[in-house]
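Visitor: One structure is given below, represented as structure tokens, and several questions about it will come after.
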Amino acid sequence: MILTDTHTHLYSEEFANDRDAMIQRAIDAGVTRFFIPSIDSGYTQQMYDLERQYPENIFLMMGLHPTYVKEDYLEELAHVEEQLASHTFYAVGEIGIDLYWDKTRLAEQQHAFKHQIQLAKKYKLPINIHCRDAFDEVFEVLESEKADSLFGIFHCFTGDFEQAQKAIGYNMKLGIGGVATFKNGKIDQFLNDIPLKHIVLETDAPYLAPAPFRGKRNESAYTKLVAEKLALIYDISVEEVAAVTTANSKDVYGI
């Protein structure tokens, strides 16, 4: 059984004391494919170091996270472009709009999101979308850039059924993680109405740990707990969830 964590921040400071052991726990649990999103230039070297250490397991994305869109965001976008031109990546991400923490930089976030979508098209890469309190704004940008060449993953999807259908309509898979295991997560109430071919698994480690670890540090081994929850929701085996969602991740990332 091969499980794929399509979104995990393995370079996070949260793993400073046990990173290798944490990765090994995931591998032992059947999670052998890790896709690593970028947030800003400060973590690029650590991402490269991880890729060198685990070349068979770790696959990198490159992008500027919306909450890191600050005064120097144009310089950060230039860094993204430089890296995309000189290194192999499997997606542009994580990119998008976040209005939970700061609503004052909406225009800059929209510009950064749109620009990075255009970079993804240029390099024929998928995008990995971060959306928090900003579904309308994200969909507006996706509509403006809509094309057969635009595809990817709606990371940490927490919307409703209609928003899920809309995301799928933009050639996006839904990244499903720990929220599906929460009693008040809500997405578990309609997921079985969405064909599994539109779903990929993720943890967003070290954030959003699934039950029974909610509120604690998340780690990639817990991808299996998400798979077990989806097996219950879809009334199929965990092995089938693993097989289908890993195949879906290959469809997106090309590997």
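Within each chain, counting starts at residue 1; across the structure tokens, chains are named A, B, ... in the order shown, with ligands numbered 1 upward in that order.
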Can you tell me, as a ChimeraX atom specification, what residues are no more than 9 Å from segment 7-19 of chain A when counting only C-alpha atoms, ignoring any on the same chain fewer than 4 positions away?

Guide: /A:23-24,34-38,43,46-47,50,94,128,155-156,175,201-207,217,219-220

Visitor: Extract the full set of strand (DSSP E) residues from segment 5-250 of chain A according to DSSP on the backbone, and format it as number ranges by chain.

Guide: A: 5, 31-36, 58-60, 92-98, 127-132, 152-154, 172-176, 199-201

Visitor: What does the file look like for those residues with C-alpha atoms, as an mmCIF file, in the first residue's frame?

Guide:
data_model
loop_
_atom_site.group_PDB
_atom_site.id
_atom_site.type_symbol
_atom_site.label_atom_id
_atom_site.label_comp_id
_atom_site.auth_asym_id
_atom_site.auth_seq_id
_atom_site.Cartn_x
_atom_site.Cartn_y
_atom_site.Cartn_z
ATOM 1 C CA ASP A 5 1.059 13.081 1.354
ATOM 2 C CA VAL A 31 3.546 7.043 3.265
ATOM 3 C CA THR A 32 6.436 7.004 0.816
ATOM 4 C CA ARG A 33 5.689 10.063 -1.329
ATOM 5 C CA PHE A 34 5.948 13.568 0.159
ATOM 6 C CA PHE A 35 5.186 16.755 -1.771
ATOM 7 C CA ILE A 36 6.700 19.829 -0.149
ATOM 8 C CA ILE A 58 10.559 13.978 -1.556
ATOM 9 C CA PHE A 59 9.225 16.141 -4.387
ATOM 10 C CA LEU A 60 9.327 19.921 -4.256
ATOM 11 C CA VAL A 92 3.836 25.988 -8.241
ATOM 12 C CA GLY A 93 2.711 26.295 -4.656
ATOM 13 C CA GLU A 94 1.544 26.961 -2.255
ATOM 14 C CA ILE A 95 -0.126 30.004 -3.735
ATOM 15 C CA GLY A 96 -3.484 31.682 -3.316
ATOM 16 C CA ILE A 97 -5.299 34.159 -1.093
ATOM 17 C CA ASP A 98 -5.609 34.284 2.701
ATOM 18 C CA ILE A 127 -0.716 24.758 -8.932
ATOM 19 C CA ASN A 128 -1.272 24.082 -5.240
ATOM 20 C CA ILE A 129 -3.844 26.515 -3.858
ATOM 21 C CA HIS A 130 -4.024 27.957 -0.349
ATOM 22 C CA CYS A 131 -7.431 29.490 0.390
ATOM 23 C CA ARG A 132 -8.586 30.802 3.749
ATOM 24 C CA GLY A 152 -3.760 21.366 -9.685
ATOM 25 C CA ILE A 153 -4.866 20.818 -6.104
ATOM 26 C CA PHE A 154 -7.121 22.888 -3.863
ATOM 27 C CA MET A 172 -8.571 21.008 -9.300
ATOM 28 C CA LYS A 173 -8.351 17.926 -7.111
ATOM 29 C CA LEU A 174 -9.461 18.446 -3.526
ATOM 30 C CA GLY A 175 -6.711 18.060 -0.921
ATOM 31 C CA ILE A 176 -8.320 16.300 2.041
ATOM 32 C CA ILE A 199 -9.558 13.519 -4.096
ATOM 33 C CA VAL A 200 -5.938 13.489 -2.911
ATOM 34 C CA LEU A 201 -4.655 13.000 0.630
#

Visitor: Name the residues in contact with segment 243-254 of chain A at a cut-off of 8 Å, using only C-alpha atoms, excluding same-chain residues fewer than 5 positions from it; report them as a ChimeraX atom specification.

Guide: /A:1-4,6,90-91,125-126,151-153,196-201

Visitor: Could you write out that same residue set with all heavy atoms as a tab-separated table (two decimals), in the first residue's frame?

Guide:
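This went into selection.tsv:
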chain	number	residue	atom	x	y	z
A	1	MET	N	0.84	-1.20	0.00
A	1	MET	CA	0.00	0.00	0.00
A	1	MET	C	0.88	1.24	0.00
A	1	MET	O	1.72	1.42	0.87
A	1	MET	CB	-0.90	0.01	1.25
A	1	MET	CG	-1.86	1.19	1.31
A	1	MET	SD	-3.07	1.09	2.65
A	1	MET	CE	-2.02	1.44	4.08
A	2	ILE	N	0.69	2.08	-1.02
A	2	ILE	CA	1.47	3.31	-1.12
A	2	ILE	C	0.54	4.50	-0.88
A	2	ILE	O	-0.43	4.70	-1.60
A	2	ILE	CB	2.12	3.44	-2.51
A	2	ILE	CG1	3.13	2.31	-2.74
A	2	ILE	CG2	2.81	4.80	-2.66
A	2	ILE	CD1	3.70	2.26	-4.14
A	3	LEU	N	0.85	5.28	0.15
A	3	LEU	CA	0.11	6.50	0.46
A	3	LEU	C	0.95	7.70	0.05
A	3	LEU	O	2.18	7.68	0.15
A	3	LEU	CB	-0.20	6.57	1.96
A	3	LEU	CG	-1.25	5.59	2.48
A	3	LEU	CD1	-1.10	5.39	3.98
A	3	LEU	CD2	-2.66	6.08	2.14
A	4	THR	N	0.27	8.75	-0.39
A	4	THR	CA	0.94	9.97	-0.82
A	4	THR	C	0.45	11.14	0.01
A	4	THR	O	-0.76	11.40	0.07
A	4	THR	CB	0.67	10.25	-2.31
A	4	THR	OG1	1.14	9.14	-3.08
A	4	THR	CG2	1.36	11.53	-2.76
A	6	THR	N	0.26	14.77	-0.18
A	6	THR	CA	0.44	15.76	-1.26
A	6	THR	C	0.76	17.16	-0.75
A	6	THR	O	0.94	18.08	-1.56
A	6	THR	CB	-0.83	15.85	-2.14
A	6	THR	OG1	-1.94	16.28	-1.33
A	6	THR	CG2	-1.14	14.51	-2.78
A	90	TYR	N	7.60	20.15	-9.10
A	90	TYR	CA	6.44	19.38	-9.54
A	90	TYR	C	5.14	20.16	-9.42
A	90	TYR	O	4.08	19.65	-9.81
A	90	TYR	CB	6.38	18.06	-8.76
A	90	TYR	CG	7.60	17.23	-9.06
A	90	TYR	CD1	8.76	17.32	-8.28
A	90	TYR	CD2	7.64	16.42	-10.19
A	90	TYR	CE1	9.90	16.60	-8.60
A	90	TYR	CE2	8.78	15.69	-10.52
A	90	TYR	CZ	9.91	15.79	-9.71
A	90	TYR	OH	11.03	15.09	-10.05
A	91	ALA	N	5.21	21.38	-8.91
A	91	ALA	CA	4.05	22.26	-8.85
A	91	ALA	C	4.51	23.66	-8.48
A	91	ALA	O	5.61	23.85	-7.96
A	91	ALA	CB	3.03	21.76	-7.82
A	125	LEU	N	3.15	23.33	-15.26
A	125	LEU	CA	3.08	22.73	-13.94
A	125	LEU	C	1.70	22.93	-13.33
A	125	LEU	O	1.01	23.91	-13.64
A	125	LEU	CB	4.13	23.36	-13.01
A	125	LEU	CG	5.59	23.07	-13.31
A	125	LEU	CD1	6.49	23.91	-12.42
A	125	LEU	CD2	5.89	21.58	-13.14
A	126	PRO	N	1.30	22.03	-12.42
A	126	PRO	CA	0.07	22.25	-11.66
A	126	PRO	C	0.29	23.33	-10.61
A	126	PRO	O	1.43	23.70	-10.32
A	126	PRO	CB	-0.19	20.89	-11.00
A	126	PRO	CG	1.17	20.29	-10.85
A	126	PRO	CD	1.95	20.76	-12.05
A	151	PHE	N	-4.41	23.54	-13.91
A	151	PHE	CA	-4.88	22.38	-13.14
A	151	PHE	C	-4.08	22.32	-11.85
A	151	PHE	O	-3.09	23.04	-11.68
A	151	PHE	CB	-4.74	21.10	-13.94
A	151	PHE	CG	-3.30	20.69	-14.22
A	151	PHE	CD1	-2.73	19.63	-13.55
A	151	PHE	CD2	-2.53	21.36	-15.16
A	151	PHE	CE1	-1.41	19.25	-13.79
A	151	PHE	CE2	-1.22	21.00	-15.42
A	151	PHE	CZ	-0.66	19.93	-14.73
A	152	GLY	N	-4.51	21.48	-10.92
A	152	GLY	CA	-3.76	21.37	-9.69
A	152	GLY	C	-4.57	20.82	-8.54
A	152	GLY	O	-5.48	19.99	-8.73
A	153	ILE	N	-4.25	21.30	-7.34
A	153	ILE	CA	-4.87	20.82	-6.10
A	153	ILE	C	-5.35	22.00	-5.28
A	153	ILE	O	-4.62	22.97	-5.09
A	153	ILE	CB	-3.87	19.98	-5.28
A	153	ILE	CG1	-3.52	18.68	-6.02
A	153	ILE	CG2	-4.44	19.67	-3.89
A	153	ILE	CD1	-2.41	17.88	-5.36
A	196	LEU	N	-14.20	9.68	-5.83
A	196	LEU	CA	-12.86	9.63	-5.24
A	196	LEU	C	-11.78	10.04	-6.24
A	196	LEU	O	-10.68	10.44	-5.84
A	196	LEU	CB	-12.58	8.22	-4.70
A	196	LEU	CG	-11.39	8.04	-3.78
A	196	LEU	CD1	-11.53	8.89	-2.52
A	196	LEU	CD2	-11.19	6.57	-3.41
A	197	LYS	N	-12.09	10.01	-7.52
A	197	LYS	CA	-11.11	10.40	-8.54
A	197	LYS	C	-10.73	11.88	-8.43
A	197	LYS	O	-9.73	12.31	-9.01
A	197	LYS	CB	-11.63	10.11	-9.94
A	197	LYS	CG	-12.81	10.97	-10.37
A	197	LYS	CD	-13.27	10.61	-11.77
A	197	LYS	CE	-14.45	11.49	-12.21
A	197	LYS	NZ	-14.90	11.15	-13.58
A	198	HIS	N	-11.51	12.65	-7.66
A	198	HIS	CA	-11.23	14.07	-7.49
A	198	HIS	C	-10.50	14.38	-6.17
A	198	HIS	O	-10.30	15.55	-5.85
A	198	HIS	CB	-12.53	14.87	-7.51
A	198	HIS	CG	-13.29	14.78	-8.79
A	198	HIS	ND1	-12.75	15.09	-10.02
A	198	HIS	CD2	-14.57	14.37	-9.05
A	198	HIS	CE1	-13.65	14.90	-10.96
A	198	HIS	NE2	-14.76	14.47	-10.41
A	199	ILE	N	-10.10	13.34	-5.45
A	199	ILE	CA	-9.56	13.52	-4.10
A	199	ILE	C	-8.09	13.11	-4.03
A	199	ILE	O	-7.68	12.10	-4.60
A	199	ILE	CB	-10.35	12.67	-3.08
A	199	ILE	CG1	-11.85	13.00	-3.13
A	199	ILE	CG2	-9.79	12.82	-1.66
A	199	ILE	CD1	-12.21	14.40	-2.71
A	200	VAL	N	-7.29	13.91	-3.30
A	200	VAL	CA	-5.94	13.49	-2.91
A	200	VAL	C	-5.81	13.67	-1.40
A	200	VAL	O	-6.55	14.44	-0.79
A	200	VAL	CB	-4.83	14.29	-3.64
A	200	VAL	CG1	-4.82	13.96	-5.13
A	200	VAL	CG2	-4.98	15.78	-3.41
A	201	LEU	N	-4.88	12.94	-0.82
A	201	LEU	CA	-4.65	13.00	0.63
A	201	LEU	C	-3.54	13.98	0.96
A	201	LEU	O	-2.61	14.17	0.17
A	201	LEU	CB	-4.28	11.61	1.17
A	201	LEU	CG	-5.24	10.46	0.88
A	201	LEU	CD1	-4.71	9.18	1.52
A	201	LEU	CD2	-6.64	10.77	1.37

Visitor: Nearest to Gln118 of chain A among A:Phe157, A:Glu137, A:Glu81, A:Tyr100, with distances taken over only C-alpha atoms: which residue is it?

Guide: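 Going through A:Phe157, A:Glu137, A:Glu81, A:Tyr100 one by one, the smallest distance to Gln118 of chain A is for A:Glu81.
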
Visitor: Please determine, counting only C-alpha atoms, which residue among A:Asp188, A:Glu108, A:Glu71, A:Glu76 has the shortest atom-to-atom distance to Thr44 of chain A.

Guide: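 Of A:Asp188, A:Glu108, A:Glu71, A:Glu76, the one nearest Thr44 of chain A is A:Glu76, counting only C-alpha atoms.
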